[in-house]
$ cat start_20.pdb   # PDB, C-alpha atoms
ATOM      1  CA  MET A  15      16.736 -10.935-103.964
ATOM      2  CA  LYS A  16      20.350 -10.561-102.959
ATOM      3  CA  ILE A  17      21.714 -11.825 -99.670
ATOM      4  CA  ARG A  18      22.544  -8.343 -98.429
ATOM      5  CA  ASP A  19      18.933  -7.259 -99.057
ATOM      6  CA  ILE A  20      17.673 -10.203 -97.054
ATOM      7  CA  LEU A  21      19.941  -9.293 -94.127
ATOM      8  CA  LYS A  22      18.681  -5.712 -94.162
ATOM      9  CA  MET A  23      15.044  -6.834 -93.775
ATOM     10  CA  LYS A  24      13.465  -6.340 -90.303
ATOM     11  CA  PRO A  25      12.190  -9.510 -88.632
ATOM     12  CA  ASP A  26       8.399  -9.974 -88.564
ATOM     13  CA  THR A  27       7.470  -9.988 -84.853
ATOM     14  CA  THR A  28       3.720  -9.694 -85.319
ATOM     15  CA  SER A  29       3.305 -13.463 -85.405
ATOM     16  CA  GLY A  30       4.679 -13.701 -81.828
ATOM     17  CA  LYS A  31       2.251 -11.209 -80.254
ATOM     18  CA  PRO A  32      -0.685 -13.612 -79.778
ATOM     19  CA  ASP A  33       1.570 -16.158 -78.055
ATOM     20  CA  SER A  34       2.895 -13.501 -75.730
ATOM     21  CA  LYS A  35      -0.592 -12.352 -74.781
ATOM     22  CA  MET A  36      -1.728 -15.907 -74.149
ATOM     23  CA  LYS A  37       1.241 -16.539 -71.901
ATOM     24  CA  LYS A  38       0.500 -13.431 -69.857
ATOM     25  CA  LEU A  39      -3.173 -14.375 -69.580
ATOM     26  CA  LEU A  40      -2.249 -17.907 -68.510
ATOM     27  CA  ILE A  41       0.112 -16.593 -65.839
ATOM     28  CA  ILE A  42      -2.620 -14.303 -64.481
ATOM     29  CA  LEU A  43      -5.138 -17.173 -64.393
ATOM     30  CA  LEU A  44      -2.664 -19.443 -62.621
ATOM     31  CA  ARG A  45      -1.974 -16.750 -60.038
ATOM     32  CA  VAL A  46      -5.694 -16.216 -59.436
ATOM     33  CA  LEU A  47      -6.210 -19.978 -59.139
ATOM     34  CA  ALA A  48      -3.327 -20.248 -56.707
ATOM     35  CA  VAL A  49      -4.797 -17.446 -54.561
ATOM     36  CA  LEU A  50      -8.197 -19.173 -54.577
ATOM     37  CA  VAL A  51      -6.687 -22.528 -53.599
ATOM     38  CA  ILE A  52      -4.694 -20.917 -50.801
ATOM     39  CA  ALA A  53      -7.813 -19.043 -49.605
ATOM     40  CA  ILE A  54      -9.892 -22.255 -49.612
ATOM     41  CA  VAL A  55      -7.216 -24.236 -47.788
ATOM     42  CA  LEU A  56      -6.812 -21.416 -45.277
ATOM     43  CA  PHE A  57     -10.594 -21.234 -44.758
ATOM     44  CA  ILE A  58     -10.822 -25.001 -44.174
ATOM     45  CA  ALA A  59      -7.901 -24.821 -41.752
ATOM     46  CA  ILE A  60      -9.504 -21.947 -39.838
ATOM     47  CA  VAL A  61     -12.848 -23.813 -39.590
ATOM     48  CA  PHE A  62     -11.032 -26.932 -38.360
ATOM     49  CA  VAL A  63      -8.935 -25.088 -35.773
ATOM     50  CA  VAL A  64     -11.864 -22.963 -34.526
ATOM     51  CA  ASN A  65     -13.942 -26.123 -34.065
ATOM     52  CA  LYS A  66     -11.146 -27.840 -32.119
ATOM     53  CA  ILE A  67     -10.592 -24.846 -29.858
ATOM     54  CA  SER A  68     -14.333 -24.259 -29.351
ATOM     55  CA  SER A  69     -15.012 -27.919 -28.585
ATOM     56  CA  LYS A  70     -12.235 -27.975 -26.007
ATOM     57  CA  SER A  71     -13.474 -24.765 -24.451
ATOM     58  CA  GLU A  72     -17.085 -25.972 -24.324
ATOM     59  CA  GLU A  73     -16.138 -29.196 -22.546
ATOM     60  CA  GLY A  74     -15.397 -27.156 -19.429
ATOM     61  CA  LYS A  75     -18.672 -25.230 -19.698
ATOM     62  CA  ILE A  76     -21.011 -28.224 -19.622
ATOM     63  CA  GLN A  77     -23.092 -28.180 -16.449
ATOM     64  CA  PRO A  78     -23.919 -31.721 -15.255
ATOM     65  CA  TYR A  79     -27.568 -32.609 -14.687
ATOM     66  CA  GLY A  80     -29.435 -35.771 -13.805
ATOM     67  CA  GLN A  81     -27.731 -38.948 -12.652
ATOM     68  CA  SER A  82     -25.696 -41.699 -14.220
ATOM     69  CA  VAL A  83     -27.015 -45.259 -14.542
ATOM     70  CA  THR A  84     -24.831 -48.201 -15.572
ATOM     71  CA  VAL A  85     -26.256 -49.868 -18.672
ATOM     72  CA  ASP A  86     -24.343 -52.537 -20.564
ATOM     73  CA  GLY A  87     -21.187 -51.450 -18.737
ATOM     74  CA  LYS A  88     -21.509 -47.789 -19.815
ATOM     75  CA  ASN A  89     -22.967 -44.641 -18.279
ATOM     76  CA  MET A  90     -26.443 -43.583 -19.351
ATOM     77  CA  ASN A  91     -27.679 -40.211 -18.134
ATOM     78  CA  VAL A  92     -31.161 -39.996 -16.607
ATOM     79  CA  LEU A  93     -33.024 -37.000 -15.192
ATOM     80  CA  ILE A  94     -35.671 -37.583 -12.514
ATOM     81  CA  GLN A  95     -37.984 -34.785 -11.422
ATOM     82  CA  GLY A  96     -41.259 -34.754  -9.472
ATOM     83  CA  GLN A  97     -42.703 -36.894  -6.668
ATOM     84  CA  GLY A  98     -45.997 -38.072  -8.136
ATOM     85  CA  GLU A  99     -47.334 -41.565  -7.493
ATOM     86  CA  GLU A 100     -47.358 -42.402 -11.212
ATOM     87  CA  THR A 101     -44.194 -42.325 -13.323
ATOM     88  CA  ILE A 102     -43.801 -40.970 -16.862
ATOM     89  CA  VAL A 103     -40.785 -42.107 -18.867
ATOM     90  CA  LEU A 104     -39.884 -39.537 -21.536
ATOM     91  CA  LEU A 105     -38.024 -40.657 -24.679
ATOM     92  CA  PRO A 106     -36.544 -38.218 -27.222
ATOM     93  CA  GLY A 107     -36.809 -37.780 -30.966
ATOM     94  CA  TYR A 108     -33.897 -38.565 -33.250
ATOM     95  CA  GLY A 109     -30.829 -36.392 -32.801
ATOM     96  CA  THR A 110     -32.136 -34.375 -29.843
ATOM     97  CA  ALA A 111     -28.915 -32.985 -28.413
ATOM     98  CA  ALA A 112     -29.887 -32.958 -24.737
ATOM     99  CA  PRO A 113     -33.299 -34.584 -24.090
ATOM    100  CA  ALA A 114     -33.436 -33.745 -20.366
ATOM    101  CA  LEU A 115     -32.974 -30.040 -21.167
ATOM    102  CA  ASP A 116     -35.020 -30.035 -24.356
ATOM    103  CA  PHE A 117     -38.053 -31.517 -22.584
ATOM    104  CA  LYS A 118     -37.859 -28.875 -19.829
ATOM    105  CA  PRO A 119     -41.129 -27.009 -20.669
ATOM    106  CA  LEU A 120     -43.071 -30.278 -20.597
ATOM    107  CA  ILE A 121     -41.262 -31.577 -17.502
ATOM    108  CA  ASP A 122     -42.151 -28.400 -15.631
ATOM    109  CA  GLU A 123     -45.843 -28.840 -16.520
ATOM    110  CA  LEU A 124     -45.990 -32.539 -15.606
ATOM    111  CA  SER A 125     -43.678 -32.833 -12.595
ATOM    112  CA  PRO A 126     -46.121 -31.303 -10.069
ATOM    113  CA  PHE A 127     -48.373 -34.316 -10.678
ATOM    114  CA  TYR A 128     -46.058 -37.127 -11.822
ATOM    115  CA  LYS A 129     -42.587 -38.508 -11.325
ATOM    116  CA  ILE A 130     -40.808 -37.717 -14.592
ATOM    117  CA  VAL A 131     -37.916 -39.862 -15.807
ATOM    118  CA  VAL A 132     -36.078 -38.624 -18.900
ATOM    119  CA  ILE A 133     -33.877 -41.228 -20.544
ATOM    120  CA  GLU A 134     -30.931 -39.974 -22.597
ATOM    121  CA  PRO A 135     -30.010 -42.928 -24.847
ATOM    122  CA  PHE A 136     -26.376 -43.616 -25.685
ATOM    123  CA  GLY A 137     -24.977 -40.785 -27.804
ATOM    124  CA  TYR A 138     -27.554 -38.309 -26.469
ATOM    125  CA  GLY A 139     -27.157 -35.595 -23.839
ATOM    126  CA  LEU A 140     -24.538 -36.543 -21.265
ATOM    127  CA  SER A 141     -24.696 -40.295 -21.891
ATOM    128  CA  ASP A 142     -21.721 -42.300 -23.132
ATOM    129  CA  GLN A 143     -21.518 -43.567 -26.672
ATOM    130  CA  THR A 144     -21.731 -47.258 -27.469
ATOM    131  CA  GLU A 145     -20.234 -49.539 -30.087
ATOM    132  CA  LYS A 146     -23.489 -51.499 -30.444
ATOM    133  CA  GLU A 147     -25.667 -51.052 -33.530
ATOM    134  CA  ARG A 148     -28.463 -48.524 -33.116
ATOM    135  CA  ASN A 149     -31.213 -50.911 -34.084
ATOM    136  CA  THR A 150     -34.559 -50.962 -32.290
ATOM    137  CA  GLU A 151     -33.757 -54.132 -30.362
ATOM    138  CA  ASN A 152     -30.628 -52.688 -28.745
ATOM    139  CA  ILE A 153     -32.137 -49.262 -28.049
ATOM    140  CA  VAL A 154     -35.253 -50.732 -26.416
ATOM    141  CA  SER A 155     -33.208 -53.214 -24.384
ATOM    142  CA  GLU A 156     -30.934 -50.429 -23.082
ATOM    143  CA  ILE A 157     -33.864 -48.218 -22.060
ATOM    144  CA  HIS A 158     -35.447 -51.114 -20.208
ATOM    145  CA  GLU A 159     -32.196 -51.952 -18.438
ATOM    146  CA  ALA A 160     -31.883 -48.334 -17.289
ATOM    147  CA  LEU A 161     -35.372 -48.458 -15.769
ATOM    148  CA  GLN A 162     -34.633 -51.778 -14.120
ATOM    149  CA  ARG A 163     -31.502 -50.302 -12.563
ATOM    150  CA  LEU A 164     -33.669 -47.504 -11.172
ATOM    151  CA  HIS A 165     -36.200 -50.052  -9.844
ATOM    152  CA  ILE A 166     -38.950 -48.547 -11.986
ATOM    153  CA  ASP A 167     -41.310 -51.285 -13.156
ATOM    154  CA  ARG A 168     -44.664 -49.509 -13.754
ATOM    155  CA  TYR A 169     -44.815 -46.383 -15.869
ATOM    156  CA  ILE A 170     -46.392 -44.397 -18.683
ATOM    157  CA  LEU A 171     -44.239 -44.281 -21.807
ATOM    158  CA  MET A 172     -44.171 -40.908 -23.558
ATOM    159  CA  GLY A 173     -42.134 -40.595 -26.750
ATOM    160  CA  HIS A 174     -41.402 -37.921 -29.325
ATOM    161  CA  SER A 175     -40.907 -38.596 -33.039
ATOM    162  CA  ILE A 176     -38.738 -41.706 -33.644
ATOM    163  CA  SER A 177     -39.454 -42.887 -30.095
ATOM    164  CA  GLY A 178     -42.952 -43.643 -31.355
ATOM    165  CA  LEU A 179     -41.298 -46.395 -33.372
ATOM    166  CA  TYR A 180     -39.146 -47.643 -30.497
ATOM    167  CA  GLY A 181     -42.086 -47.247 -28.116
ATOM    168  CA  LEU A 182     -44.275 -49.481 -30.275
ATOM    169  CA  ASP A 183     -41.708 -52.260 -29.980
ATOM    170  CA  TYR A 184     -41.248 -51.500 -26.285
ATOM    171  CA  VAL A 185     -44.920 -51.802 -25.280
ATOM    172  CA  ASN A 186     -45.167 -55.157 -27.028
ATOM    173  CA  LYS A 187     -42.097 -56.532 -25.274
ATOM    174  CA  TYR A 188     -42.884 -55.132 -21.823
ATOM    175  CA  GLU A 189     -46.662 -54.897 -21.934
ATOM    176  CA  ASP A 190     -47.040 -55.781 -18.243
ATOM    177  CA  GLU A 191     -44.933 -52.772 -17.218
ATOM    178  CA  VAL A 192     -46.412 -50.028 -19.387
ATOM    179  CA  ILE A 193     -49.587 -48.298 -18.115
ATOM    180  CA  ALA A 194     -50.184 -46.143 -21.217
ATOM    181  CA  PHE A 195     -48.419 -44.769 -24.277
ATOM    182  CA  VAL A 196     -48.296 -41.090 -25.244
ATOM    183  CA  GLY A 197     -47.065 -40.046 -28.682
ATOM    184  CA  LEU A 198     -45.682 -36.548 -29.178
ATOM    185  CA  ASP A 199     -45.922 -36.190 -32.958
ATOM    186  CA  SER A 200     -44.586 -39.727 -32.936
ATOM    187  CA  SER A 201     -43.347 -41.701 -35.929
ATOM    188  CA  VAL A 202     -45.524 -44.324 -37.603
ATOM    189  CA  PRO A 203     -43.969 -47.491 -39.128
ATOM    190  CA  THR A 204     -46.055 -47.175 -42.302
ATOM    191  CA  LEU A 205     -44.565 -43.741 -43.007
ATOM    192  CA  SER A 206     -41.008 -44.956 -43.398
ATOM    193  CA  GLU A 207     -37.985 -42.708 -43.608
ATOM    194  CA  ARG A 208     -35.898 -42.982 -46.770
ATOM    195  CA  LYS A 209     -32.896 -45.265 -46.717
ATOM    196  CA  ILE A 210     -29.735 -43.287 -45.994
ATOM    197  CA  GLU A 211     -26.761 -44.523 -47.992
ATOM    198  CA  SER A 212     -23.320 -45.063 -46.496
ATOM    199  CA  SER A 213     -21.916 -42.349 -48.776
ATOM    200  CA  ILE A 214     -24.125 -39.745 -47.068
ATOM    201  CA  ILE A 215     -23.071 -41.006 -43.649
ATOM    202  CA  ARG A 216     -19.426 -40.574 -44.659
ATOM    203  CA  VAL A 217     -20.095 -36.999 -45.767
ATOM    204  CA  LEU A 218     -21.813 -36.172 -42.475
ATOM    205  CA  ASN A 219     -18.933 -37.739 -40.573
ATOM    206  CA  LEU A 220     -16.517 -35.552 -42.540
ATOM    207  CA  LEU A 221     -18.597 -32.471 -41.740
ATOM    208  CA  LYS A 222     -18.325 -33.325 -38.048
ATOM    209  CA  LYS A 223     -14.576 -33.946 -38.048
ATOM    210  CA  SER A 224     -13.727 -30.947 -40.228
ATOM    211  CA  GLY A 225     -15.729 -28.500 -38.124
ATOM    212  CA  PHE A 226     -18.188 -27.614 -40.873
ATOM    213  CA  ALA A 227     -21.039 -29.079 -38.834
ATOM    214  CA  ARG A 228     -20.411 -26.309 -36.297
ATOM    215  CA  LEU A 229     -20.419 -23.746 -39.090
ATOM    216  CA  GLN A 230     -23.668 -25.215 -40.392
ATOM    217  CA  VAL A 231     -25.310 -24.693 -36.991
ATOM    218  CA  LYS A 232     -23.825 -21.213 -36.688
ATOM    219  CA  LEU A 233     -25.243 -20.102 -40.037
ATOM    220  CA  GLY A 234     -28.676 -21.644 -39.370
ATOM    221  CA  ASP A 235     -31.534 -20.298 -37.301
ATOM    222  CA  ASP A 236     -31.395 -20.762 -33.540
ATOM    223  CA  PRO A 237     -34.206 -23.263 -32.792
ATOM    224  CA  TYR A 238     -34.442 -22.102 -29.173
ATOM    225  CA  ALA A 239     -34.325 -18.323 -29.681
ATOM    226  CA  ALA A 240     -38.043 -17.627 -29.258
ATOM    227  CA  LEU A 241     -38.855 -20.540 -26.951
ATOM    228  CA  PRO A 242     -39.542 -20.519 -23.184
ATOM    229  CA  TYR A 243     -36.085 -21.633 -22.028
ATOM    230  CA  ASP A 244     -33.914 -19.565 -19.706
ATOM    231  CA  ASP A 245     -30.604 -18.232 -21.060
ATOM    232  CA  THR A 246     -28.508 -20.776 -19.161
ATOM    233  CA  THR A 247     -30.495 -23.691 -20.563
ATOM    234  CA  LYS A 248     -30.303 -22.258 -24.084
ATOM    235  CA  GLU A 249     -26.529 -21.963 -23.801
ATOM    236  CA  GLN A 250     -26.206 -25.546 -22.550
ATOM    237  CA  LEU A 251     -28.413 -26.766 -25.389
ATOM    238  CA  ARG A 252     -26.207 -25.006 -27.942
ATOM    239  CA  ILE A 253     -23.059 -26.518 -26.432
ATOM    240  CA  LEU A 254     -24.519 -30.020 -26.464
ATOM    241  CA  ILE A 255     -25.732 -29.597 -30.046
ATOM    242  CA  HIS A 256     -22.108 -29.062 -31.092
ATOM    243  CA  LYS A 257     -20.961 -31.948 -28.884
ATOM    244  CA  ASN A 258     -23.437 -34.564 -30.116
ATOM    245  CA  MET A 259     -24.337 -33.535 -33.656
ATOM    246  CA  TYR A 260     -23.355 -36.250 -36.171
ATOM    247  CA  ASN A 261     -21.621 -38.324 -33.517
ATOM    248  CA  PRO A 262     -21.084 -42.033 -34.386
ATOM    249  CA  ASN A 263     -24.206 -43.182 -32.530
ATOM    250  CA  HIS A 264     -26.439 -40.625 -34.257
ATOM    251  CA  LEU A 265     -25.008 -41.526 -37.666
ATOM    252  CA  ASN A 266     -25.437 -45.236 -37.058
ATOM    253  CA  GLU A 267     -29.004 -44.689 -35.888
ATOM    254  CA  ALA A 268     -29.719 -42.742 -39.079
ATOM    255  CA  GLU A 269     -28.218 -45.518 -41.174
ATOM    256  CA  LYS A 270     -30.338 -48.138 -39.373
ATOM    257  CA  MET A 271     -33.529 -46.072 -39.449
ATOM    258  CA  TYR A 272     -34.971 -47.528 -42.646
ATOM    259  CA  ASP A 273     -34.532 -51.095 -41.365
ATOM    260  CA  ASN A 274     -36.000 -50.114 -37.994
ATOM    261  CA  PHE A 275     -39.137 -48.805 -39.714
ATOM    262  CA  ARG A 276     -39.470 -51.930 -41.811
ATOM    263  CA  ALA A 277     -39.096 -54.171 -38.760
ATOM    264  CA  ALA A 278     -42.019 -52.425 -37.047
ATOM    265  CA  GLU A 279     -44.481 -52.505 -39.953
ATOM    266  CA  ASP A 280     -46.508 -55.408 -38.550
ATOM    267  CA  LEU A 281     -46.556 -54.186 -34.943
ATOM    268  CA  THR A 282     -49.702 -52.776 -33.334
ATOM    269  CA  PHE A 283     -50.434 -51.326 -29.932
ATOM    270  CA  PRO A 284     -51.939 -53.820 -27.463
ATOM    271  CA  LYS A 285     -55.715 -53.464 -27.628
ATOM    272  CA  ASN A 286     -56.194 -52.705 -23.928
ATOM    273  CA  LEU A 287     -53.282 -50.269 -23.641
ATOM    274  CA  PRO A 288     -54.477 -46.637 -23.372
ATOM    275  CA  VAL A 289     -52.906 -44.625 -26.184
ATOM    276  CA  ILE A 290     -53.097 -40.890 -26.824
ATOM    277  CA  PHE A 291     -51.399 -38.998 -29.650
ATOM    278  CA  PHE A 292     -50.640 -35.276 -29.654
ATOM    279  CA  ILE A 293     -50.112 -34.559 -33.339
ATOM    280  CA  GLN A 294     -49.410 -31.561 -35.555
ATOM    281  CA  ALA A 295     -52.500 -30.786 -37.607
ATOM    282  CA  ASN A 296     -50.678 -29.874 -40.808
ATOM    283  CA  HIS A 297     -47.675 -32.033 -41.574
ATOM    284  CA  PRO A 298     -45.392 -30.215 -44.051
ATOM    285  CA  VAL A 299     -44.467 -33.367 -46.011
ATOM    286  CA  THR A 300     -47.294 -35.901 -45.982
ATOM    287  CA  ASP A 301     -51.090 -35.771 -45.892
ATOM    288  CA  ARG A 302     -51.095 -39.314 -44.460
ATOM    289  CA  TRP A 303     -49.818 -38.200 -41.063
ATOM    290  CA  ILE A 304     -53.228 -38.026 -39.377
ATOM    291  CA  PRO A 305     -54.841 -41.057 -41.133
ATOM    292  CA  GLU A 306     -51.906 -43.334 -40.284
ATOM    293  CA  HIS A 307     -52.054 -42.321 -36.621
ATOM    294  CA  GLU A 308     -55.797 -42.965 -36.634
ATOM    295  CA  LYS A 309     -55.122 -46.488 -37.916
ATOM    296  CA  GLN A 310     -52.778 -47.129 -34.989
ATOM    297  CA  ILE A 311     -55.565 -46.605 -32.443
ATOM    298  CA  GLN A 312     -58.590 -47.851 -34.405
ATOM    299  CA  ASP A 313     -58.702 -51.105 -32.402
ATOM    300  CA  SER A 314     -57.724 -49.572 -29.051
ATOM    301  CA  VAL A 315     -60.236 -49.724 -26.225
ATOM    302  CA  ASN A 316     -58.923 -46.353 -25.065
ATOM    303  CA  GLY A 317     -57.376 -44.548 -28.022
ATOM    304  CA  LYS A 318     -57.418 -40.816 -28.646
ATOM    305  CA  MET A 319     -55.759 -38.248 -30.879
ATOM    306  CA  MET A 320     -55.493 -34.500 -30.395
ATOM    307  CA  LEU A 321     -54.389 -32.072 -33.106
ATOM    308  CA  PHE A 322     -52.417 -28.869 -32.583
ATOM    309  CA  GLU A 323     -51.414 -26.026 -34.845
ATOM    310  CA  ALA A 324     -47.761 -26.653 -34.134
ATOM    311  CA  GLY A 325     -44.480 -27.849 -35.573
ATOM    312  CA  HIS A 326     -42.835 -31.228 -35.066
ATOM    313  CA  TYR A 327     -41.394 -30.271 -31.668
ATOM    314  CA  ILE A 328     -44.881 -29.890 -30.321
ATOM    315  CA  TYR A 329     -43.871 -30.139 -26.654
ATOM    316  CA  ARG A 330     -41.700 -27.022 -26.882
ATOM    317  CA  THR A 331     -44.619 -24.759 -27.746
ATOM    318  CA  HIS A 332     -47.704 -26.572 -26.379
ATOM    319  CA  SER A 333     -46.455 -28.161 -23.173
ATOM    320  CA  LYS A 334     -49.257 -26.733 -21.022
ATOM    321  CA  GLU A 335     -52.038 -27.976 -23.313
ATOM    322  CA  ILE A 336     -50.385 -31.388 -23.625
ATOM    323  CA  ALA A 337     -50.051 -31.761 -19.854
ATOM    324  CA  GLU A 338     -53.651 -30.699 -19.184
ATOM    325  CA  ASN A 339     -55.171 -32.949 -21.828
ATOM    326  CA  PHE A 340     -52.978 -35.859 -20.861
ATOM    327  CA  ARG A 341     -54.093 -35.636 -17.222
ATOM    328  CA  THR A 342     -57.734 -35.524 -18.313
ATOM    329  CA  PHE A 343     -57.208 -38.562 -20.542
ATOM    330  CA  MET A 344     -55.580 -40.564 -17.752
ATOM    331  CA  GLU A 345     -58.474 -39.756 -15.429
ATOM    332  CA  GLN A 346     -60.933 -40.972 -18.035
ATOM    333  CA  VAL A 347     -59.175 -44.312 -18.635
ATOM    334  CA  LYS A 348     -58.757 -45.255 -14.992
ATOM    335  CA  PRO A 349     -60.242 -48.715 -14.352
ATOM    336  CA  ASP A 350     -62.841 -47.405 -11.882
ATOM    337  CA  ASN A 351     -64.191 -44.803 -14.351
TER     338      ASN A 351
END

$ encode --input "start_20.pdb" --output "structure tokens"
Amino acid sequence: MKIRDILKMKPDTTSGKPDSKMKKLLIILLRVLAVLVIAIVLFIAIVFVVNKISSKSEEGKIQPYGQSVTVDGKNMNVLIQGQGEETIVLLPGYGTAAPALDFKPLIDELSPFYKIVVIEPFGYGLSDQTEKERNTENIVSEIHEALQRLHIDRYILMGHSISGLYGLDYVNKYEDEVIAFVGLDSSVPTLSERKIESSIIRVLNLLKKSGFARLQVKLGDDPYAALPYDDTTKEQLRILIHKNMYNPNHLNEAEKMYDNFRAAEDLTFPKNLPVIFFIQANHPVTDRWIPEHEKQIQDSVNGKMMLFEAGHYIYRTHSKEIAENFRTFMEQVKPDN
């Protein structure tokens, strides 16, 4: 082939077409990826900003209740209602945003007959937070100090959920002060919670700081929607859920929970202490719920258990039945009966 013939030949461009198509496809993918990244970053920023603005706004909407008691140099919030001769000290379950408001249906049923004292531990309700570890020893000591500050030295201890664990330690340490113990679907040391790793705690802390904890609550069901709380109380409960959810004290208590259960495994209720449990009849996770509670009172002189077709927050839906049966029980265990 002569040189002039070679020069007249048209260049073969077909081999470049696949490369050109790939480049165009790559550019499109990069643009889509960039849009997605921008959208995600923008979404995260919006969630963060909305949470900051909402939290600031809600601070001014909180309506104070109860009274402040100085415990370990900090303010612990306590609600006192009723003028009865006997005193009931109410202790909340883990993570209850505002115990004094959450217990309202039960308080209203009991306060005509008893003096009701609701303790909001550090990190709960309107109480301050503390730097101390949320182990059983510290929690029990702080509750006792609050009662001492209020000059309350004889009382019935009534605890929901995890307070069954703290209450078990409490009645052994201050046996001379406690008249009776009442468990509201209370925890049992032998049914231990799983150990929560530090990595999970860090994730929950990030959810709180980023604002996604608020979004989580917003997308979930309203636990108070169908319950007998007035609209003002429901609104305050929602505000305090956002305020206290995953706060440092709650996270530390969750991290210490496994150890707290283990530490209580060998504890039993004093034999002569009246004990009554109000328990859900069908626990959704374990079939040992009822048998393990029965074991706790098998040696009690005055031990009783009552079952309800209810969820874990039994006092929200069965406050009237609890109050009536509790009063009957206390009449039956009086020394002169």

$ closest_atom_pairs --input "start_20.pdb" --of "range 241-313 of chain A" --to "range 107-119 of chain A" --cutoff "8 Å" --atoms "all atoms listed in the file" --output "JSON lines"
{"residue": "A:Pro242", "atom": "CA", "partner": "A:Pro119", "partner_atom": "CA", "distance": 7.1}
{"residue": "A:Tyr243", "atom": "CA", "partner": "A:Pro119", "partner_atom": "CA", "distance": 7.5}
{"residue": "A:Thr247", "atom": "CA", "partner": "A:Leu115", "partner_atom": "CA", "distance": 6.8}
{"residue": "A:Leu251", "atom": "CA", "partner": "A:Ala112", "partner_atom": "CA", "distance": 6.4}
{"residue": "A:Leu254", "atom": "CA", "partner": "A:Ala111", "partner_atom": "CA", "distance": 5.6}
{"residue": "A:Ile255", "atom": "CA", "partner": "A:Ala111", "partner_atom": "CA", "distance": 4.9}
{"residue": "A:Asn258", "atom": "CA", "partner": "A:Ala111", "partner_atom": "CA", "distance": 5.9}
{"residue": "A:Met259", "atom": "CA", "partner": "A:Ala111", "partner_atom": "CA", "distance": 7.0}
{"residue": "A:His264", "atom": "CA", "partner": "A:Gly109", "partner_atom": "CA", "distance": 6.3}

$ closest_residue --input "start_20.pdb" --among "A:Ala295, A:Leu182, A:Ile304, A:Leu241" --to "Ala194 in chain A" --atoms "only C-alpha atoms"
A:Leu182

$ resolve_selection --input "start_20.pdb" --expression "the PyMOL selection byres ((chain A and resi 179) around 12)" --output "PyMOL selection string"
chain A and resi 105-108+149-151+153-154+172-178+180-186+195-207+271-283+307+310

$ closest_residue --input "start_20.pdb" --among "A:Gln95, A:Gln346, A:Gln162, A:Gln81" --to "Gly317 in chain A" --atoms "all atoms listed in the file"
A:Gln346

$ resolve_selection --input "start_20.pdb" --expression "the PyMOL selection byres ((chain A and resi 72-75) around 9)" --output "number ranges by chain"
A: 67-71, 76-77, 250, 253-254, 256-257

$ closest_residue --input "start_20.pdb" --among "A:Leu43, A:Ile311, A:Leu164, A:Val299" --to "Gly325 in chain A" --atoms "all atoms listed in the file"
A:Val299

$ resolve_selection --input "start_20.pdb" --expression "the PyMOL selection byres ((chain A and resi 232) around 12)" --output "PyMOL selection string"
chain A and resi 61+65+225-231+233-237+252-253+255-256

$ residues_around --input "start_20.pdb" --residues "His158 in chain A" --least-positions-apart "6" --cutoff "12 Å" --atoms "all atoms listed in the file" --output "PyMOL selection string"
chain A and resi 83-86+90+103+105+133+135+151-152+164-169+171+180-181+183-185+187-189+191-192

$ closest_residue --input "start_20.pdb" --among "A:Ile52, A:Ile293, A:Leu47, A:Leu218" --to "Tyr329 in chain A" --atoms "only C-alpha atoms"
A:Ile293

$ closest_residue --input "start_20.pdb" --among "A:Glu211, A:Glu99, A:Glu156, A:Asp142" --to "Tyr128 in chain A" --atoms "all atoms listed in the file"
A:Glu99

$ atom_distance --input "start_20.pdb" --atom1 "CA of Leu104 in chain A" --atom2 "CA of Ile130 in chain A"
7.2 Å

$ residues_around --input "start_20.pdb" --residues "Asn339 in chain A" --least-positions-apart "2" --cutoff "12 Å" --atoms "all atoms listed in the file" --output "PDB file with C-alpha atoms, keeping the file's coordinate frame"
ATOM      1  CA  GLU A 123     -45.843 -28.840 -16.520  1.00  0.00           C
ATOM      2  CA  LEU A 124     -45.990 -32.539 -15.606  1.00  0.00           C
ATOM      3  CA  VAL A 196     -48.296 -41.090 -25.244  1.00  0.00           C
ATOM      4  CA  ILE A 290     -53.097 -40.890 -26.824  1.00  0.00           C
ATOM      5  CA  PHE A 291     -51.399 -38.998 -29.650  1.00  0.00           C
ATOM      6  CA  PHE A 292     -50.640 -35.276 -29.654  1.00  0.00           C
ATOM      7  CA  LYS A 318     -57.418 -40.816 -28.646  1.00  0.00           C
ATOM      8  CA  MET A 319     -55.759 -38.248 -30.879  1.00  0.00           C
ATOM      9  CA  MET A 320     -55.493 -34.500 -30.395  1.00  0.00           C
ATOM     10  CA  LEU A 321     -54.389 -32.072 -33.106  1.00  0.00           C
ATOM     11  CA  PHE A 322     -52.417 -28.869 -32.583  1.00  0.00           C
ATOM     12  CA  HIS A 332     -47.704 -26.572 -26.379  1.00  0.00           C
ATOM     13  CA  SER A 333     -46.455 -28.161 -23.173  1.00  0.00           C
ATOM     14  CA  LYS A 334     -49.257 -26.733 -21.022  1.00  0.00           C
ATOM     15  CA  GLU A 335     -52.038 -27.976 -23.313  1.00  0.00           C
ATOM     16  CA  ILE A 336     -50.385 -31.388 -23.625  1.00  0.00           C
ATOM     17  CA  ALA A 337     -50.051 -31.761 -19.854  1.00  0.00           C
ATOM     18  CA  ARG A 341     -54.093 -35.636 -17.222  1.00  0.00           C
ATOM     19  CA  THR A 342     -57.734 -35.524 -18.313  1.00  0.00           C
ATOM     20  CA  PHE A 343     -57.208 -38.562 -20.542  1.00  0.00           C
ATOM     21  CA  MET A 344     -55.580 -40.564 -17.752  1.00  0.00           C
ATOM     22  CA  GLU A 345     -58.474 -39.756 -15.429  1.00  0.00           C
ATOM     23  CA  GLN A 346     -60.933 -40.972 -18.035  1.00  0.00           C
TER      24      GLN A 346
END
